[in-house]
Amino acid sequence: QRRCATHEVAFSTRTPADGKFSHYLVLDRLILEYPKTIMWLGQRAGDVQPADYKAAERAVSVSFDEDFANAERIFALDGVRRAMVAYWADALADLRERNAKSVYARYHSYDAVSQLLEYKRARDKVVVGER
């Protein structure tokens, strides 16, 4: 299995011989608390391994095989979004605390995580209010 290089968060590869796609995401290890999601990954030749990030102690690399059209289904699985937000919140807080910038800093936004959380809270209120 290919390990994530520095700063890679998500990527897909396609095997020229058979045209199959393999997908990789870096998430918080919180994902391990969702057995149905881990089983979904396993059914698609997937795996969860520690990620190669020294600064992100909780990071795991999630891999799975799926055709490209159906790969996005992973984002609807239990815990995936939560594990993404947890990973980014931790990684961006670490950068902020160390007053550090990565070579990809222009793509990082601490405010993006807080905006996602605000959106989720507002959406949850609307859904609860409609019931």
# chains A, B, ... in the order shown; residues from 1 in each chain; ligands from 1
$ closest_atom_pairs --of "segment 33-52 of chain A" --to "segment 68-79 of chain A" --cutoff "8 Å" --atoms "only C-alpha atoms" --output "JSON lines"
{"residue": "A:Glu33", "atom": "CA", "partner": "A:Gly79", "partner_atom": "CA", "distance": 7.9}
{"residue": "A:Tyr34", "atom": "CA", "partner": "A:Gly79", "partner_atom": "CA", "distance": 6.2}
{"residue": "A:Lys36", "atom": "CA", "partner": "A:Asp78", "partner_atom": "CA", "distance": 7.4}
{"residue": "A:Thr37", "atom": "CA", "partner": "A:Leu77", "partner_atom": "CA", "distance": 6.0}
$ residues_around --residues "Ala59 of chain A" --least-positions-apart "2" --cutoff "6 Å" --atoms "only C-alpha atoms" --output "PDB file with C-alpha atoms, in the first residue's frame"
ATOM      1  CA  LEU A  27      -8.593  11.252   8.765  1.00  0.00           C
ATOM      2  CA  ASP A  28      -8.517  11.335  12.539  1.00  0.00           C
ATOM      3  CA  ARG A  29      -8.332   7.890  14.164  1.00  0.00           C
ATOM      4  CA  ALA A  51      -0.487   7.991   8.572  1.00  0.00           C
ATOM      5  CA  ALA A  56      -0.444  14.619  13.447  1.00  0.00           C
ATOM      6  CA  GLU A  57      -0.326  11.884  16.056  1.00  0.00           C
TER       7      GLU A  57
END
$ select_by_dssp --residues "segment 8-120 of chain A" --states "alpha helix (DSSP H)" --output "PyMOL selection string"
chain A and resi 35-42+80-97+110-120
$ closest_residue --among "A:Val62, A:Val126, A:Leu95, A:Leu32" --to "Phe11 of chain A" --atoms "only C-alpha atoms"
A:Val62
$ closest_residue --among "A:Phe64, A:Leu117, A:Arg14, A:Gly19" --to "Gln43 of chain A" --atoms "only C-alpha atoms"
A:Phe64
$ residues_around --residues "Ser22 of chain A" --least-positions-apart "4" --cutoff "8 Å" --atoms "only C-alpha atoms" --output "PDB file with N, CA, C and O atoms, in the first residue's frame"
ATOM      1  N   SER A  12      -6.478   9.754  -5.450  1.00  0.00           N
ATOM      2  CA  SER A  12      -6.936   8.509  -6.063  1.00  0.00           C
ATOM      3  C   SER A  12      -5.912   8.090  -7.098  1.00  0.00           C
ATOM      4  O   SER A  12      -5.266   8.935  -7.714  1.00  0.00           O
ATOM      5  N   THR A  13      -5.776   6.788  -7.266  1.00  0.00           N
ATOM      6  CA  THR A  13      -4.885   6.259  -8.297  1.00  0.00           C
ATOM      7  C   THR A  13      -5.686   5.297  -9.168  1.00  0.00           C
ATOM      8  O   THR A  13      -6.661   4.705  -8.720  1.00  0.00           O
ATOM      9  N   ARG A  14      -5.262   5.159 -10.408  1.00  0.00           N
ATOM     10  CA  ARG A  14      -5.919   4.228 -11.327  1.00  0.00           C
ATOM     11  C   ARG A  14      -4.859   3.306 -11.895  1.00  0.00           C
ATOM     12  O   ARG A  14      -3.842   3.750 -12.411  1.00  0.00           O
ATOM     13  N   SER A  63      -7.797   3.671   3.066  1.00  0.00           N
ATOM     14  CA  SER A  63      -7.750   3.332   1.641  1.00  0.00           C
ATOM     15  C   SER A  63      -8.905   2.408   1.298  1.00  0.00           C
ATOM     16  O   SER A  63      -9.406   1.675   2.155  1.00  0.00           O
ATOM     17  N   PHE A  64      -9.341   2.462   0.048  1.00  0.00           N
ATOM     18  CA  PHE A  64     -10.378   1.550  -0.433  1.00  0.00           C
ATOM     19  C   PHE A  64     -10.400   1.586  -1.956  1.00  0.00           C
ATOM     20  O   PHE A  64      -9.920   2.528  -2.578  1.00  0.00           O
ATOM     21  N   ASP A  65     -10.934   0.529  -2.550  1.00  0.00           N
ATOM     22  CA  ASP A  65     -11.094   0.441  -4.000  1.00  0.00           C
ATOM     23  C   ASP A  65     -12.569   0.622  -4.327  1.00  0.00           C
ATOM     24  O   ASP A  65     -13.426   0.011  -3.678  1.00  0.00           O
ATOM     25  N   GLU A  66     -12.838   1.453  -5.310  1.00  0.00           N
ATOM     26  CA  GLU A  66     -14.221   1.690  -5.733  1.00  0.00           C
ATOM     27  C   GLU A  66     -14.166   2.422  -7.054  1.00  0.00           C
ATOM     28  O   GLU A  66     -13.225   3.183  -7.300  1.00  0.00           O
TER      29      GLU A  66
END
$ select_by_dssp --residues "segment 23-97 of chain A" --states "strand (DSSP E)" --output "number ranges by chain"
A: 23-28, 47-50, 59-65
$ closest_residue --among "A:Asp94, A:Arg82, A:Val9, A:Ala89" --to "Tyr24 of chain A" --atoms "only C-alpha atoms"
A:Val9
$ atom_distance --atom1 "atom CA of Arg58 of chain A" --atom2 "atom CA of Leu30 of chain A"
8.2 Å
